[in-house]
$ cat coords16.cif   # mmCIF, C-alpha atoms
data_protein
#
loop_
_atom_site.label_atom_id
_atom_site.label_comp_id
_atom_site.auth_asym_id
_atom_site.auth_seq_id
_atom_site.Cartn_x
_atom_site.Cartn_y
_atom_site.Cartn_z
CA MET A 44 -25.86 -140.81 -14.92
CA THR A 45 -24.48 -141.05 -18.46
CA ALA A 46 -25.03 -143.87 -20.95
CA ALA A 47 -21.33 -144.74 -20.55
CA SER A 48 -21.76 -145.32 -16.82
CA VAL A 49 -24.84 -147.50 -17.35
CA PHE A 50 -23.61 -149.25 -20.50
CA PRO A 51 -19.84 -149.70 -20.45
CA LEU A 52 -19.46 -151.12 -23.96
CA HIS A 53 -19.86 -149.21 -27.24
CA CYS A 54 -19.94 -149.95 -30.95
CA GLU A 55 -20.90 -147.84 -33.94
CA SER A 56 -21.05 -147.93 -37.73
CA ALA A 57 -21.13 -144.98 -40.12
CA VAL A 58 -22.14 -144.56 -43.76
CA THR A 59 -23.05 -141.80 -46.19
CA LEU A 60 -26.65 -141.82 -47.38
CA ASN A 61 -27.72 -140.44 -50.75
CA ALA A 62 -30.57 -138.50 -49.14
CA PRO A 63 -31.03 -135.26 -47.20
CA THR A 64 -31.41 -135.63 -43.43
CA GLU A 65 -35.20 -135.10 -43.48
CA THR A 66 -35.71 -137.95 -45.96
CA ALA A 67 -33.23 -140.20 -44.17
CA PHE A 68 -34.83 -139.55 -40.76
CA ALA A 69 -38.31 -140.34 -42.09
CA TYR A 70 -37.03 -143.73 -43.29
CA LEU A 71 -34.95 -144.54 -40.18
CA ASP A 72 -37.75 -143.46 -37.83
CA ASP A 73 -39.67 -146.61 -38.90
CA PHE A 74 -38.58 -149.50 -36.61
CA LYS A 75 -39.78 -152.09 -39.14
CA LYS A 76 -37.39 -150.67 -41.75
CA LEU A 77 -34.51 -149.89 -39.41
CA SER A 78 -34.61 -153.30 -37.73
CA ALA A 79 -35.61 -155.34 -40.80
CA HIS A 80 -32.46 -157.47 -40.39
CA MET A 81 -33.93 -158.89 -37.16
CA GLU A 82 -37.00 -160.20 -39.00
CA LYS A 83 -34.84 -162.19 -41.44
CA SER A 84 -33.18 -165.52 -40.79
CA SER A 85 -29.41 -165.00 -40.50
CA ALA A 86 -26.24 -166.78 -39.49
CA MET A 87 -25.75 -164.26 -36.66
CA MET A 88 -29.16 -165.31 -35.32
CA MET A 89 -28.28 -169.00 -35.81
CA GLY A 90 -30.87 -169.23 -38.59
CA SER A 91 -33.60 -167.70 -36.43
CA LYS A 92 -35.43 -164.39 -36.59
CA MET A 93 -37.36 -162.05 -34.32
CA THR A 94 -40.86 -160.61 -34.65
CA ILE A 95 -41.20 -156.83 -34.18
CA VAL A 96 -44.36 -155.35 -32.62
CA THR A 97 -44.80 -151.60 -32.11
CA ASP A 98 -47.30 -149.77 -29.93
CA ALA A 99 -49.97 -147.37 -31.22
CA LEU A 100 -47.31 -144.63 -31.55
CA ASP A 101 -45.41 -146.95 -33.93
CA GLY A 102 -42.08 -146.23 -32.24
CA ARG A 103 -42.18 -142.64 -33.55
CA ALA A 104 -42.58 -140.65 -30.33
CA LEU A 105 -40.86 -140.24 -26.98
CA GLY A 106 -42.05 -142.99 -24.68
CA SER A 107 -43.22 -145.20 -27.54
CA ARG A 108 -42.49 -148.91 -27.04
CA VAL A 109 -41.32 -151.69 -29.32
CA ARG A 110 -41.18 -155.42 -28.55
CA MET A 111 -39.22 -158.18 -30.26
CA ASN A 112 -39.66 -161.90 -29.67
CA GLY A 113 -38.11 -165.01 -31.15
CA GLN A 114 -36.21 -168.20 -30.49
CA VAL A 115 -32.57 -169.11 -31.02
CA LEU A 116 -31.43 -172.69 -30.55
CA GLY A 117 -34.70 -173.44 -28.74
CA MET A 118 -34.25 -170.57 -26.27
CA THR A 119 -36.86 -167.83 -26.13
CA LEU A 120 -35.43 -164.34 -26.60
CA SER A 121 -37.41 -161.18 -25.99
CA LEU A 122 -36.94 -157.51 -25.41
CA GLU A 123 -38.92 -154.36 -24.87
CA GLU A 124 -37.49 -150.99 -25.83
CA MET A 125 -38.68 -147.45 -25.23
CA VAL A 126 -37.85 -144.38 -27.33
CA THR A 127 -35.86 -142.09 -25.03
CA GLU A 128 -34.64 -139.44 -27.47
CA ARG A 129 -36.15 -138.16 -30.72
CA GLU A 130 -34.96 -134.98 -32.39
CA PRO A 131 -36.12 -134.99 -36.03
CA PRO A 132 -34.31 -134.91 -38.39
CA PHE A 133 -31.04 -135.49 -36.52
CA ARG A 134 -31.22 -138.06 -33.69
CA LYS A 135 -33.19 -140.90 -32.24
CA ALA A 136 -32.35 -143.35 -29.45
CA TRP A 137 -34.15 -146.06 -27.56
CA GLN A 138 -33.28 -148.19 -24.59
CA THR A 139 -34.24 -151.62 -23.33
CA ILE A 140 -36.74 -151.75 -20.50
CA ASP A 141 -36.55 -155.51 -20.36
CA ALA A 142 -34.23 -157.84 -22.27
CA LYS A 143 -33.84 -161.61 -22.28
CA LEU A 144 -31.05 -161.96 -24.82
CA LEU A 145 -28.18 -164.34 -25.39
CA VAL A 146 -24.98 -162.35 -25.99
CA ILE A 147 -25.77 -158.79 -24.92
CA GLY A 148 -27.68 -157.48 -21.94
CA GLN A 149 -29.46 -154.17 -21.55
CA TYR A 150 -28.60 -151.51 -24.14
CA ARG A 151 -29.17 -148.07 -25.60
CA LEU A 152 -29.32 -148.03 -29.40
CA GLY A 153 -29.78 -145.14 -31.79
CA PHE A 154 -28.68 -143.12 -34.74
CA ALA A 155 -27.44 -139.63 -35.54
CA LEU A 156 -27.66 -137.85 -38.89
CA SER A 157 -25.66 -134.88 -40.04
CA PRO A 158 -26.21 -133.02 -43.32
CA SER A 159 -23.62 -133.12 -46.08
CA GLY A 160 -25.01 -131.22 -49.04
CA ASN A 161 -27.80 -133.34 -50.60
CA ARG A 162 -26.56 -136.31 -48.59
CA SER A 163 -26.42 -137.31 -44.94
CA MET A 164 -23.82 -138.90 -42.74
CA LEU A 165 -25.42 -141.65 -40.66
CA ARG A 166 -23.91 -142.99 -37.46
CA VAL A 167 -25.65 -145.96 -35.82
CA PHE A 168 -24.49 -146.70 -32.27
CA ILE A 169 -25.11 -149.12 -29.44
CA ASP A 170 -24.05 -148.70 -25.81
CA TYR A 171 -24.53 -152.00 -24.02
CA ASP A 172 -23.74 -154.26 -21.12
CA LEU A 173 -23.07 -157.97 -21.14
CA PRO A 174 -25.60 -160.36 -19.62
CA HIS A 175 -24.94 -160.72 -15.90
CA HIS A 176 -25.23 -164.47 -15.28
CA GLY A 177 -24.53 -167.98 -16.47
CA LEU A 178 -24.12 -169.16 -20.02
CA ALA A 179 -25.32 -165.84 -21.45
CA ARG A 180 -22.51 -164.00 -19.60
CA TRP A 181 -19.91 -166.38 -21.03
CA LEU A 182 -21.41 -166.14 -24.54
CA GLY A 183 -21.50 -162.35 -24.20
CA LYS A 184 -17.80 -162.22 -23.45
CA LEU A 185 -17.13 -164.33 -26.54
CA PHE A 186 -19.63 -162.88 -29.01
CA GLY A 187 -21.12 -159.63 -27.62
CA LYS A 188 -18.80 -157.31 -29.51
CA THR A 189 -19.28 -159.24 -32.77
CA TYR A 190 -23.06 -159.11 -32.39
CA ALA A 191 -23.05 -155.37 -31.56
CA ARG A 192 -20.89 -154.65 -34.62
CA TRP A 193 -23.15 -156.79 -36.83
CA CYS A 194 -26.28 -155.03 -35.58
CA THR A 195 -25.04 -151.47 -36.14
CA LYS A 196 -23.49 -152.40 -39.49
CA GLN A 197 -26.72 -154.06 -40.68
CA MET A 198 -28.74 -150.95 -39.85
CA ALA A 199 -26.24 -148.59 -41.49
CA ASP A 200 -25.70 -150.78 -44.57
CA ASP A 201 -29.44 -151.43 -45.06
CA ALA A 202 -30.09 -147.67 -45.01
CA ALA A 203 -27.25 -147.03 -47.46
CA ALA A 204 -28.59 -149.76 -49.78
CA HIS A 205 -32.11 -148.32 -49.58
CA PHE A 206 -30.98 -144.85 -50.56
CA SER A 207 -28.58 -146.05 -53.26
CA SER A 208 -31.51 -147.80 -54.97
CA THR A 209 -33.93 -144.87 -54.53
CA ALA A 210 -34.28 -142.60 -57.53
CA ALA A 211 -32.74 -139.19 -56.88
#

$ encode --input "coords16.cif" --output "C-alpha cells"
Amino acid sequence: MTAASVFPLHCESAVTLNAPTETAFAYLDDFKKLSAHMEKSSAMMMGSKMTIVTDALDGRALGSRVRMNGQVLGMTLSLEEMVTEREPPFRKAWQTIDAKLLVIGQYRLGFALSPSGNRSMLRVFIDYDLPHHGLARWLGKLFGKTYARWCTKQMADDAAAHFSSTAA
C-alpha cells in the first residue's frame, strides 16, 4: 500500500539551503529544530503552541517516537509519530501512530535533500488525510490544505533561514 493510497492529500515546499547535504541532514534530523514552529505561539495555531517530547533515540532512528501535546481554543490536541524512513544524508520520514488534531487527520511527513554543489535542495512534504468525523472534518475541509502548506513552508523556510545566517 502506497502513501498515496493511505493519505490522499499532498503538499510540499522546496528551498535551497546554503549547506551541503550532510550538514543540512544533521540539522533537520533534530525534531526540536525541524518542528520549532510548533513550539511557538502563532496565528495558525490560534495563538497556541505544542510541546515536543522525543524518546531516548531522540527521533534520530527508525522506530523512534515523538509526541506533541497542546491546546487550541480550549481543545486538547495530541499526536504521536514514529520515524519510518531514515536514509542519511538524503531522506527522512515519519508517520502518525495516533493523532487528535483539528484540521488534518493522520499523516506522513518528511523531507528529501539533494546535493547542488556546496548547497542542498530541500523538499519538505506531507501526505495526509482529513479528520473523519464531526467539526474536525468540516474544519479540515476548510483549512486542512492551508495548514499543510503552512507546516511544510515553516519547516523549509526555518531551515533556509538557519543556513543563511550560518557562517560559511

$ closest_residue --input "coords16.cif" --among "A:Leu156, A:Met111, A:Leu105, A:Ile140" --to "Phe68 (chain A)" --atoms "only C-alpha atoms"
A:Leu156

$ resolve_selection --input "coords16.cif" --expression "the PyMOL selection byres ((chain A and resi 172) around 12)" --output "PyMOL selection string"
chain A and resi 46-54+138-139+142+144-152+169-171+173-176+179-180+183-184+187-188+191

$ closest_residue --input "coords16.cif" --among "A:Thr94, A:Trp181, A:Phe154, A:Arg129" --to "Lys196 (chain A)" --atoms "only C-alpha atoms"
A:Phe154

$ closest_residue --input "coords16.cif" --among "A:Leu100, A:Ile95, A:Leu182, A:Ala69" --to "Glu130 (chain A)" --atoms "only C-alpha atoms"
A:Ala69

$ residues_around --input "coords16.cif" --residues "region 70-73 of chain A" --least-positions-apart "5" --cutoff "8 Å" --atoms "all atoms listed in the file" --output "PyMOL selection string"
chain A and resi 101-103+135+202

$ residues_near_point --input "coords16.cif" --point "(-32.7, -165.3, -23.5)" --cutoff "7 Å" --atoms "all atoms listed in the file" --output "list in words"
Met118, Thr119, Leu120, Ser121, Lys143, Leu144 and Leu145 of chain A

$ resolve_selection --input "coords16.cif" --expression "the PyMOL selection byres ((chain A and resi 60) around 7)" --output "list in words"
Val58, Thr59, Asn61, Ala62, Arg162, Ser163, Met164, Leu165, Ala203 and Phe206 of chain A

$ decode --input "coords16.cif" --residues "region 108-134 of chain A" --atoms "C-alpha atoms" --output "PDB file, in the first residue's frame"
ATOM      1  CA  ARG A 108       8.881   8.121  18.554  1.00  0.00           C
ATOM      2  CA  VAL A 109       7.981  11.756  19.049  1.00  0.00           C
ATOM      3  CA  ARG A 110       4.956  13.172  20.885  1.00  0.00           C
ATOM      4  CA  MET A 111       3.383  16.619  20.690  1.00  0.00           C
ATOM      5  CA  ASN A 112       0.708  17.976  23.008  1.00  0.00           C
ATOM      6  CA  GLY A 113      -1.072  21.288  23.346  1.00  0.00           C
ATOM      7  CA  GLN A 114      -4.375  23.089  23.399  1.00  0.00           C
ATOM      8  CA  VAL A 115      -6.119  25.216  20.786  1.00  0.00           C
ATOM      9  CA  LEU A 116      -9.267  27.119  21.696  1.00  0.00           C
ATOM     10  CA  GLY A 117      -9.580  25.002  24.851  1.00  0.00           C
ATOM     11  CA  MET A 118      -9.387  21.710  22.925  1.00  0.00           C
ATOM     12  CA  THR A 119      -6.587  19.276  23.705  1.00  0.00           C
ATOM     13  CA  LEU A 120      -4.545  18.294  20.663  1.00  0.00           C
ATOM     14  CA  SER A 121      -2.015  15.485  20.671  1.00  0.00           C
ATOM     15  CA  LEU A 122      -0.115  13.251  18.338  1.00  0.00           C
ATOM     16  CA  GLU A 123       2.444  10.510  18.355  1.00  0.00           C
ATOM     17  CA  GLU A 124       4.718   9.955  15.380  1.00  0.00           C
ATOM     18  CA  MET A 125       7.189   7.224  14.519  1.00  0.00           C
ATOM     19  CA  VAL A 126      10.222   7.527  12.231  1.00  0.00           C
ATOM     20  CA  THR A 127       9.507   5.198   9.298  1.00  0.00           C
ATOM     21  CA  GLU A 128      12.304   6.120   6.904  1.00  0.00           C
ATOM     22  CA  ARG A 129      15.799   7.467   7.556  1.00  0.00           C
ATOM     23  CA  GLU A 130      18.484   7.498   4.891  1.00  0.00           C
ATOM     24  CA  PRO A 131      21.228   9.953   5.928  1.00  0.00           C
ATOM     25  CA  PRO A 132      22.029  12.364   4.371  1.00  0.00           C
ATOM     26  CA  PHE A 133      19.151  12.313   1.879  1.00  0.00           C
ATOM     27  CA  ARG A 134      15.737  11.393   3.342  1.00  0.00           C
TER      28      ARG A 134
END
